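Q: Take this structure first; my questions come after.
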Amino acid sequence: MTNTVLVLGATGMIGRRLVPLLRDRGITVRAASRTAAGGHTPFDWRDPTTQAAALAGVRALYLVPPPLVENPTSLVAPLLAAAKEAGVERVVAVTSLGVEFPTEPASSGRRALEHVVKASGLDWTVLRPGGFAQNFSEGFLRPGIDRGMVVSATGAGKVAMIDAGDIAAVAALALTEPGHAGQTYELTGAETLSFADAAATIGRITGREIAYRTVEPGEMEAMLQGFGLPAEYAAVVVRDQVAIRDGAGARITDTVERLTGKRPTSFAAVAERVAW
């Protein structure tokens with residue numbers, strides 16, 4: 001078996017940061033995405049023929065679930081079975097912080113995902129990141145920033161936002177070093193911020209006026225659908241925001257620093273790197 005690592009979602013927030021980290025470690029990376037653009041290996045969650053080719057000769061798998069799917073287990077379970085059959089030894093999967101709360105509807109699909117990962121027969125590691133700092137620069141909040149306003153259903157709730165680069169750093173460790181099998185890592189930043197705090201930080205750094213407006217969940221869902229998100233996924237995003245409003249995102253862990261030896265990147269540092 002080679003030291004090849006298959007990175008799913010290689011063009012995503014974490015994946016495109018993970019690929020160079022692995023290569024810096026001397027790892028052969030098979031970067032997979034839905035198209036072969038940029039030399040990527042084609043991978044389609046609904047096309048098993050692309051999966052078999054992507055898995056051939058792979059030792060470890062970085063698994064980010066398919067986008068815009070609330071409960072991805074029907075797609076992930078066959079892939080993990082194929083990975084086991086192909087001789088893959090290790091899987092590092094991304095879910096989210098708060099997945100352990102049984103009363104939170106948005107977490108049910110993520111709990112099911114963790115279950116199939118742990119039952120796969122592979123050496124597994126689960127990463128549970130909190131809210132991504134890059135949601136403001138690369139994600140669903142960017143259109144509002146461009147218009148000078150952050151809109152959400154989070155109210156005054158705070159979240160320990162994490163840099164996608166810090167998540168990638170932990171993923172690189174778990175994919176390449178011993179001692180991470182059977183571990184679940186909760187990953188957060190080192191400070192909690194409300195979305196209003198985040199808007200103020202971006203405004204200070206850019207010199208622009210960035211307002212914050214909190215809205216009811218139904219209005220937020222409609223806005224996200226207006227931006228092009230499918231209704232099912234918009235509902236998941238809004239349930240996550242309501243969970244933040246109710247305090248589920250305010251936890252801070254020391255996992256990033258404990259594993260990497262570096263303090264988590266602050267939200268301000270992430271914002272300063274962005275070419276707004």
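Chain labels A, B, ... are given in the sequence in which chains occur in the structure tokens; within each chain residues are numbered consecutively from 1, and ligands are likewise numbered from 1 in the order shown.
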Would you mind listing, for every residue of segment 203-272 of chain A within 12 Å of segment 63-71 of chain A, the two atoms forming the shortest contact and the distance between them in Å to one decimal, using only C-alpha atoms, sorted by chain and ascending residue number, as a tab-separated table?
A:
residue	atom	partner	partner_atom	distance
A:Gly228	CA	A:Leu68	CA	11.3
A:Leu229	CA	A:Leu68	CA	8.1
A:Pro230	CA	A:Leu68	CA	7.2
A:Ala231	CA	A:Leu68	CA	9.4
A:Glu232	CA	A:Glu70	CA	6.9
A:Tyr233	CA	A:Leu68	CA	5.2
A:Ala234	CA	A:Leu68	CA	8.6
A:Ala235	CA	A:Glu70	CA	9.1
A:Val236	CA	A:Glu70	CA	6.9
A:Val237	CA	A:Glu70	CA	9.9
A:Arg239	CA	A:Glu70	CA	11.4
A:Asp240	CA	A:Glu70	CA	12.0
Q: What are the closest atom pairs, with distances in Å to one decimal, for all residues of segment 131-213 of chain A lying within 10 Å of segment 49-60 of chain A? Consider only C-alpha atoms, order rows by chain and residue number, and present the result as a Markdown table.
A:
| residue | atom | partner | partner_atom | distance |
| --- | --- | --- | --- | --- |
| A:Ala174 | CA | A:Ala60 | CA | 9.7 |
| A:Leu175 | CA | A:Ala60 | CA | 6.4 |
| A:Thr176 | CA | A:Ala60 | CA | 8.2 |
Q: Restricting the output to N, CA and C atoms, write the selected residues as an mmCIF file, in the first residue's frame.
A:
data_model
loop_
_atom_site.group_PDB
_atom_site.id
_atom_site.type_symbol
_atom_site.label_atom_id
_atom_site.label_comp_id
_atom_site.auth_asym_id
_atom_site.auth_seq_id
_atom_site.Cartn_x
_atom_site.Cartn_y
_atom_site.Cartn_z
ATOM 1 N N ALA A 174 -4.058 13.851 11.695
ATOM 2 C CA ALA A 174 -4.840 12.621 11.868
ATOM 3 C C ALA A 174 -4.674 11.670 10.688
ATOM 4 N N LEU A 175 -4.422 12.206 9.512
ATOM 5 C CA LEU A 175 -4.264 11.374 8.315
ATOM 6 C C LEU A 175 -2.883 10.740 8.206
ATOM 7 N N THR A 176 -1.900 11.322 8.868
ATOM 8 C CA THR A 176 -0.518 10.901 8.608
ATOM 9 C C THR A 176 0.243 10.407 9.827
#
Q: I need the alpha helix (DSSP H) residues of segment 7-107 of chain A per DSSP on the backbone, written as a PyMOL selection string.
A: chain A and resi 15-24+48-55+73-86
Q: Write the selection just made, keeping N, CA and C atoms, as an mmCIF file, in the first residue's frame?
A:
data_model
loop_
_atom_site.group_PDB
_atom_site.id
_atom_site.type_symbol
_atom_site.label_atom_id
_atom_site.label_comp_id
_atom_site.auth_asym_id
_atom_site.auth_seq_id
_atom_site.Cartn_x
_atom_site.Cartn_y
_atom_site.Cartn_z
ATOM 1 N N GLY A 15 -10.570 21.412 2.277
ATOM 2 C CA GLY A 15 -9.819 20.570 1.354
ATOM 3 C C GLY A 15 -8.702 21.294 0.642
ATOM 4 N N ARG A 16 -8.965 22.498 0.161
ATOM 5 C CA ARG A 16 -7.915 23.184 -0.593
ATOM 6 C C ARG A 16 -6.787 23.685 0.304
ATOM 7 N N ARG A 17 -7.038 23.728 1.606
ATOM 8 C CA ARG A 17 -5.966 24.048 2.557
ATOM 9 C C ARG A 17 -5.239 22.786 3.020
ATOM 10 N N LEU A 18 -5.954 21.672 3.018
ATOM 11 C CA LEU A 18 -5.368 20.407 3.448
ATOM 12 C C LEU A 18 -4.380 19.853 2.424
ATOM 13 N N VAL A 19 -4.707 19.966 1.154
ATOM 14 C CA VAL A 19 -3.870 19.362 0.108
ATOM 15 C C VAL A 19 -2.413 19.827 0.200
ATOM 16 N N PRO A 20 -2.131 21.144 0.262
ATOM 17 C CA PRO A 20 -0.718 21.543 0.347
ATOM 18 C C PRO A 20 -0.050 21.136 1.654
ATOM 19 N N LEU A 21 -0.804 21.070 2.750
ATOM 20 C CA LEU A 21 -0.218 20.627 4.014
ATOM 21 C C LEU A 21 0.257 19.184 3.914
ATOM 22 N N LEU A 22 -0.538 18.347 3.277
ATOM 23 C CA LEU A 22 -0.143 16.950 3.103
ATOM 24 C C LEU A 22 1.074 16.839 2.185
ATOM 25 N N ARG A 23 1.072 17.599 1.115
ATOM 26 C CA ARG A 23 2.212 17.545 0.191
ATOM 27 C C ARG A 23 3.494 18.025 0.871
ATOM 28 N N ASP A 24 3.370 19.007 1.751
ATOM 29 C CA ASP A 24 4.540 19.467 2.501
ATOM 30 C C ASP A 24 5.107 18.367 3.388
ATOM 31 N N PRO A 48 -20.586 5.312 -8.658
ATOM 32 C CA PRO A 48 -19.605 4.403 -8.049
ATOM 33 C C PRO A 48 -18.380 4.147 -8.911
ATOM 34 N N THR A 49 -18.491 4.306 -10.230
ATOM 35 C CA THR A 49 -17.316 4.058 -11.071
ATOM 36 C C THR A 49 -16.224 5.092 -10.796
ATOM 37 N N THR A 50 -16.606 6.329 -10.542
ATOM 38 C CA THR A 50 -15.595 7.343 -10.208
ATOM 39 C C THR A 50 -14.993 7.055 -8.839
ATOM 40 N N GLN A 51 -15.786 6.497 -7.935
ATOM 41 C CA GLN A 51 -15.292 6.213 -6.587
ATOM 42 C C GLN A 51 -14.249 5.099 -6.602
ATOM 43 N N ALA A 52 -14.505 4.048 -7.372
ATOM 44 C CA ALA A 52 -13.562 2.932 -7.431
ATOM 45 C C ALA A 52 -12.204 3.393 -7.947
ATOM 46 N N ALA A 53 -12.214 4.221 -8.973
ATOM 47 C CA ALA A 53 -10.949 4.718 -9.521
ATOM 48 C C ALA A 53 -10.233 5.617 -8.524
ATOM 49 N N ALA A 54 -10.997 6.439 -7.815
ATOM 50 C CA ALA A 54 -10.385 7.358 -6.851
ATOM 51 C C ALA A 54 -9.770 6.620 -5.673
ATOM 52 N N LEU A 55 -10.358 5.488 -5.274
ATOM 53 C CA LEU A 55 -9.909 4.750 -4.095
ATOM 54 C C LEU A 55 -8.736 3.813 -4.368
ATOM 55 N N THR A 73 -25.908 9.610 4.869
ATOM 56 C CA THR A 73 -25.443 8.252 5.169
ATOM 57 C C THR A 73 -25.668 7.279 4.015
ATOM 58 N N SER A 74 -26.737 7.456 3.251
ATOM 59 C CA SER A 74 -26.992 6.524 2.146
ATOM 60 C C SER A 74 -25.929 6.635 1.059
ATOM 61 N N LEU A 75 -25.238 7.765 1.000
ATOM 62 C CA LEU A 75 -24.150 7.940 0.047
ATOM 63 C C LEU A 75 -22.798 7.567 0.659
ATOM 64 N N VAL A 76 -22.631 7.862 1.945
ATOM 65 C CA VAL A 76 -21.334 7.643 2.590
ATOM 66 C C VAL A 76 -21.092 6.173 2.898
ATOM 67 N N ALA A 77 -22.120 5.461 3.363
ATOM 68 C CA ALA A 77 -21.927 4.057 3.760
ATOM 69 C C ALA A 77 -21.382 3.198 2.614
ATOM 70 N N PRO A 78 -21.936 3.274 1.393
ATOM 71 C CA PRO A 78 -21.361 2.474 0.300
ATOM 72 C C PRO A 78 -19.922 2.872 -0.032
ATOM 73 N N LEU A 79 -19.609 4.153 0.077
ATOM 74 C CA LEU A 79 -18.238 4.584 -0.187
ATOM 75 C C LEU A 79 -17.274 3.975 0.827
ATOM 76 N N LEU A 80 -17.660 3.977 2.099
ATOM 77 C CA LEU A 80 -16.784 3.410 3.125
ATOM 78 C C LEU A 80 -16.613 1.906 2.931
ATOM 79 N N ALA A 81 -17.677 1.239 2.516
ATOM 80 C CA ALA A 81 -17.561 -0.197 2.225
ATOM 81 C C ALA A 81 -16.601 -0.430 1.063
ATOM 82 N N ALA A 82 -16.700 0.402 0.043
ATOM 83 C CA ALA A 82 -15.790 0.282 -1.099
ATOM 84 C C ALA A 82 -14.358 0.599 -0.689
ATOM 85 N N ALA A 83 -14.200 1.570 0.214
ATOM 86 C CA ALA A 83 -12.863 1.910 0.700
ATOM 87 C C ALA A 83 -12.242 0.740 1.447
ATOM 88 N N LYS A 84 -13.038 0.106 2.291
ATOM 89 C CA LYS A 84 -12.552 -1.066 3.032
ATOM 90 C C LYS A 84 -12.140 -2.171 2.061
ATOM 91 N N GLU A 85 -12.960 -2.402 1.066
ATOM 92 C CA GLU A 85 -12.678 -3.441 0.070
ATOM 93 C C GLU A 85 -11.412 -3.115 -0.726
ATOM 94 N N ALA A 86 -11.173 -1.828 -0.959
ATOM 95 C CA ALA A 86 -10.013 -1.405 -1.749
ATOM 96 C C ALA A 86 -8.719 -1.407 -0.943
#
Q: Excluding Phe267 of chain A and any residue of its chain fewer than 4 positions from it, enumerate the residues within 7 Å of it, using only C-alpha atoms, and give them as a list in words.
A: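 Neighbouring residues, sequence-local ones excluded: Ala133, Met161 and Ala271 of chain A.
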Q: Go ahead and write the residues just picked, C-alpha atoms, as a PDB file, in the first residue's frame.
A:
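Result file selection.pdb:
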ATOM      1  CA  ALA A 133     -14.570  31.894  10.164  1.00  0.00           C
ATOM      2  CA  MET A 161     -15.321  30.523  15.122  1.00  0.00           C
ATOM      3  CA  ALA A 271     -10.369  38.678   8.181  1.00  0.00           C
TER       4      ALA A 271
END
Q: Could you check the closest approach to Glu257 of chain A for each of A:Val274, A:Leu187, A:Val238, A:Glu209 and tell me which residue wins, using only C-alpha atoms?
A: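 Ranking A:Val274, A:Leu187, A:Val238, A:Glu209 by distance to Glu257 of chain A, first place goes to A:Leu187.
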Q: Could you tell me which of A:Ile205, A:Ala172, A:Leu141, A:Leu259 comes closest to Val5 of chain A if we count only C-alpha atoms?
A: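 Of A:Ile205, A:Ala172, A:Leu141, A:Leu259, the one nearest Val5 of chain A is A:Ala172, counting only C-alpha atoms.
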Q: So which residues of segment 105-252 of chain A fall under strand (DSSP E or B) by DSSP, listed as a PDB file with N, CA and C atoms, in the first residue's frame?
A:
ATOM      1  N   ASP A 123      -9.699   2.400  10.597  1.00  0.00           N
ATOM      2  CA  ASP A 123      -9.252   3.265  11.681  1.00  0.00           C
ATOM      3  C   ASP A 123      -9.851   4.643  11.427  1.00  0.00           C
ATOM      4  N   TRP A 124     -10.611   5.144  12.379  1.00  0.00           N
ATOM      5  CA  TRP A 124     -11.351   6.379  12.128  1.00  0.00           C
ATOM      6  C   TRP A 124     -10.958   7.485  13.107  1.00  0.00           C
ATOM      7  N   THR A 125     -11.073   8.705  12.616  1.00  0.00           N
ATOM      8  CA  THR A 125     -10.984   9.910  13.435  1.00  0.00           C
ATOM      9  C   THR A 125     -12.103  10.831  12.983  1.00  0.00           C
ATOM     10  N   VAL A 126     -12.818  11.413  13.934  1.00  0.00           N
ATOM     11  CA  VAL A 126     -13.897  12.344  13.614  1.00  0.00           C
ATOM     12  C   VAL A 126     -13.486  13.745  14.059  1.00  0.00           C
ATOM     13  N   LEU A 127     -13.641  14.702  13.167  1.00  0.00           N
ATOM     14  CA  LEU A 127     -13.400  16.110  13.477  1.00  0.00           C
ATOM     15  C   LEU A 127     -14.738  16.821  13.583  1.00  0.00           C
ATOM     16  N   ARG A 128     -14.942  17.509  14.708  1.00  0.00           N
ATOM     17  CA  ARG A 128     -16.171  18.283  14.918  1.00  0.00           C
ATOM     18  C   ARG A 128     -15.826  19.763  15.038  1.00  0.00           C
ATOM     19  N   PRO A 129     -15.696  20.462  13.922  1.00  0.00           N
ATOM     20  CA  PRO A 129     -15.382  21.889  14.002  1.00  0.00           C
ATOM     21  C   PRO A 129     -16.600  22.727  14.357  1.00  0.00           C
ATOM     22  N   PHE A 132     -17.290  28.041  10.895  1.00  0.00           N
ATOM     23  CA  PHE A 132     -16.104  28.422  10.121  1.00  0.00           C
ATOM     24  C   PHE A 132     -15.986  29.946  10.041  1.00  0.00           C
ATOM     25  N   MET A 149     -23.851  44.367   4.953  1.00  0.00           N
ATOM     26  CA  MET A 149     -24.705  43.941   6.058  1.00  0.00           C
ATOM     27  C   MET A 149     -24.614  42.441   6.268  1.00  0.00           C
ATOM     28  N   VAL A 150     -24.437  42.049   7.531  1.00  0.00           N
ATOM     29  CA  VAL A 150     -24.519  40.646   7.925  1.00  0.00           C
ATOM     30  C   VAL A 150     -25.922  40.401   8.447  1.00  0.00           C
ATOM     31  N   VAL A 151     -26.590  39.420   7.882  1.00  0.00           N
ATOM     32  CA  VAL A 151     -27.942  39.068   8.307  1.00  0.00           C
ATOM     33  C   VAL A 151     -27.930  37.617   8.756  1.00  0.00           C
ATOM     34  N   SER A 152     -28.508  37.341   9.923  1.00  0.00           N
ATOM     35  CA  SER A 152     -28.568  35.956  10.394  1.00  0.00           C
ATOM     36  C   SER A 152     -29.678  35.812  11.414  1.00  0.00           C
ATOM     37  N   LYS A 158     -23.246  33.629  20.624  1.00  0.00           N
ATOM     38  CA  LYS A 158     -21.824  33.676  20.285  1.00  0.00           C
ATOM     39  C   LYS A 158     -21.329  32.305  19.858  1.00  0.00           C
ATOM     40  N   VAL A 159     -20.260  32.326  19.055  1.00  0.00           N
ATOM     41  CA  VAL A 159     -19.680  31.083  18.556  1.00  0.00           C
ATOM     42  C   VAL A 159     -18.165  31.237  18.529  1.00  0.00           C
ATOM     43  N   ILE A 162     -13.771  29.068  13.979  1.00  0.00           N
ATOM     44  CA  ILE A 162     -12.482  28.436  13.720  1.00  0.00           C
ATOM     45  C   ILE A 162     -12.041  28.660  12.284  1.00  0.00           C
ATOM     46  N   GLN A 183     -10.450   8.546  17.812  1.00  0.00           N
ATOM     47  CA  GLN A 183     -10.564   9.817  18.518  1.00  0.00           C
ATOM     48  C   GLN A 183     -11.603  10.722  17.853  1.00  0.00           C
ATOM     49  N   THR A 184     -12.324  11.457  18.688  1.00  0.00           N
ATOM     50  CA  THR A 184     -13.236  12.496  18.221  1.00  0.00           C
ATOM     51  C   THR A 184     -12.706  13.828  18.722  1.00  0.00           C
ATOM     52  N   TYR A 185     -12.406  14.733  17.812  1.00  0.00           N
ATOM     53  CA  TYR A 185     -11.789  16.006  18.161  1.00  0.00           C
ATOM     54  C   TYR A 185     -12.770  17.155  17.934  1.00  0.00           C
ATOM     55  N   GLU A 186     -13.073  17.884  18.996  1.00  0.00           N
ATOM     56  CA  GLU A 186     -13.922  19.069  18.902  1.00  0.00           C
ATOM     57  C   GLU A 186     -13.017  20.279  18.709  1.00  0.00           C
ATOM     58  N   LEU A 187     -13.213  20.984  17.617  1.00  0.00           N
ATOM     59  CA  LEU A 187     -12.289  22.033  17.194  1.00  0.00           C
ATOM     60  C   LEU A 187     -12.975  23.394  17.209  1.00  0.00           C
ATOM     61  N   LEU A 193     -17.429  34.977  19.565  1.00  0.00           N
ATOM     62  CA  LEU A 193     -17.900  36.216  18.956  1.00  0.00           C
ATOM     63  C   LEU A 193     -19.346  36.043  18.527  1.00  0.00           C
ATOM     64  N   SER A 194     -20.131  37.089  18.674  1.00  0.00           N
ATOM     65  CA  SER A 194     -21.439  37.107  18.035  1.00  0.00           C
ATOM     66  C   SER A 194     -21.250  37.502  16.578  1.00  0.00           C
ATOM     67  N   ALA A 211     -23.070  46.559   8.786  1.00  0.00           N
ATOM     68  CA  ALA A 211     -24.145  46.504   9.774  1.00  0.00           C
ATOM     69  C   ALA A 211     -24.482  45.048  10.096  1.00  0.00           C
ATOM     70  N   TYR A 212     -25.226  44.870  11.177  1.00  0.00           N
ATOM     71  CA  TYR A 212     -25.711  43.533  11.527  1.00  0.00           C
ATOM     72  C   TYR A 212     -27.206  43.612  11.777  1.00  0.00           C
ATOM     73  N   ARG A 213     -27.927  42.670  11.192  1.00  0.00           N
ATOM     74  CA  ARG A 213     -29.375  42.600  11.413  1.00  0.00           C
ATOM     75  C   ARG A 213     -29.746  41.166  11.733  1.00  0.00           C
ATOM     76  N   THR A 214     -30.453  40.977  12.834  1.00  0.00           N
ATOM     77  CA  THR A 214     -30.938  39.644  13.174  1.00  0.00           C
ATOM     78  C   THR A 214     -32.377  39.498  12.701  1.00  0.00           C
TER      79      THR A 214
END
Q: Would you mind listing what lies within 9 Å of Ser33 of chain A as a list of chain:residue names, with only C-alpha atoms counted and same-chain residues fewer than 5 positions away left out?
A: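 Residues meeting the cut-off are A:Val7, A:Leu8, A:Gly9, A:Ala10, A:Thr11, A:His40, A:Thr41, A:Pro42, A:Phe43, A:Asp44.
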Q: Write out, as a CSV table (one decimal), in the first residue's frame, the residues just selected, with N, CA and C atoms.
A:
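Below is the file out_28.csv, written as the result:
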chain,number,residue,atom,x,y,z
A,7,VAL,N,-8.2,13.0,-0.9
A,7,VAL,CA,-8.9,14.1,-0.3
A,7,VAL,C,-10.2,14.4,-1.0
A,8,LEU,N,-11.3,14.1,-0.4
A,8,LEU,CA,-12.6,14.5,-1.0
A,8,LEU,C,-12.9,16.0,-0.8
A,9,GLY,N,-13.6,16.6,-1.7
A,9,GLY,CA,-13.9,18.0,-1.5
A,9,GLY,C,-12.7,18.9,-1.5
A,10,ALA,N,-11.8,18.5,-2.5
A,10,ALA,CA,-10.5,19.2,-2.5
A,10,ALA,C,-10.5,20.6,-2.9
A,11,THR,N,-11.7,21.1,-3.4
A,11,THR,CA,-11.8,22.5,-3.7
A,11,THR,C,-12.6,23.3,-2.6
A,40,HIS,N,-7.5,17.5,-10.9
A,40,HIS,CA,-8.2,16.7,-9.8
A,40,HIS,C,-8.7,15.4,-10.4
A,41,THR,N,-8.8,14.4,-9.5
A,41,THR,CA,-9.4,13.2,-9.8
A,41,THR,C,-10.9,13.3,-9.8
A,42,PRO,N,-11.6,12.9,-10.8
A,42,PRO,CA,-13.1,13.0,-10.8
A,42,PRO,C,-13.7,12.1,-9.7
A,43,PHE,N,-14.6,12.7,-9.0
A,43,PHE,CA,-15.3,11.9,-7.9
A,43,PHE,C,-16.7,12.5,-7.8
A,44,ASP,N,-17.7,11.5,-8.0
A,44,ASP,CA,-19.1,11.9,-7.9
A,44,ASP,C,-19.7,10.9,-6.9
Q: Might you pull out every residue within 7 Å of Gly189 of chain A, with only C-alpha atoms counted and same-chain residues fewer than 3 positions away left off, and present them as a PyMOL selection string?
A: chain A and resi 160-162+252+264-266
Q: Could you pull the residues within 6 Å of Gly247 of chain A, counting only C-alpha atoms, minus those fewer than 3 positions along the same chain, as a PyMOL selection string?
A: chain A and resi 157+244+250
Q: Have a look at A:Arg110, A:Phe227, A:Gly26, A:Leu61 and name the one nearest to Gly144 of chain A; count only C-alpha atoms.
A: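 Comparing A:Arg110, A:Phe227, A:Gly26, A:Leu61 against Gly144 of chain A, the winner is A:Phe227.
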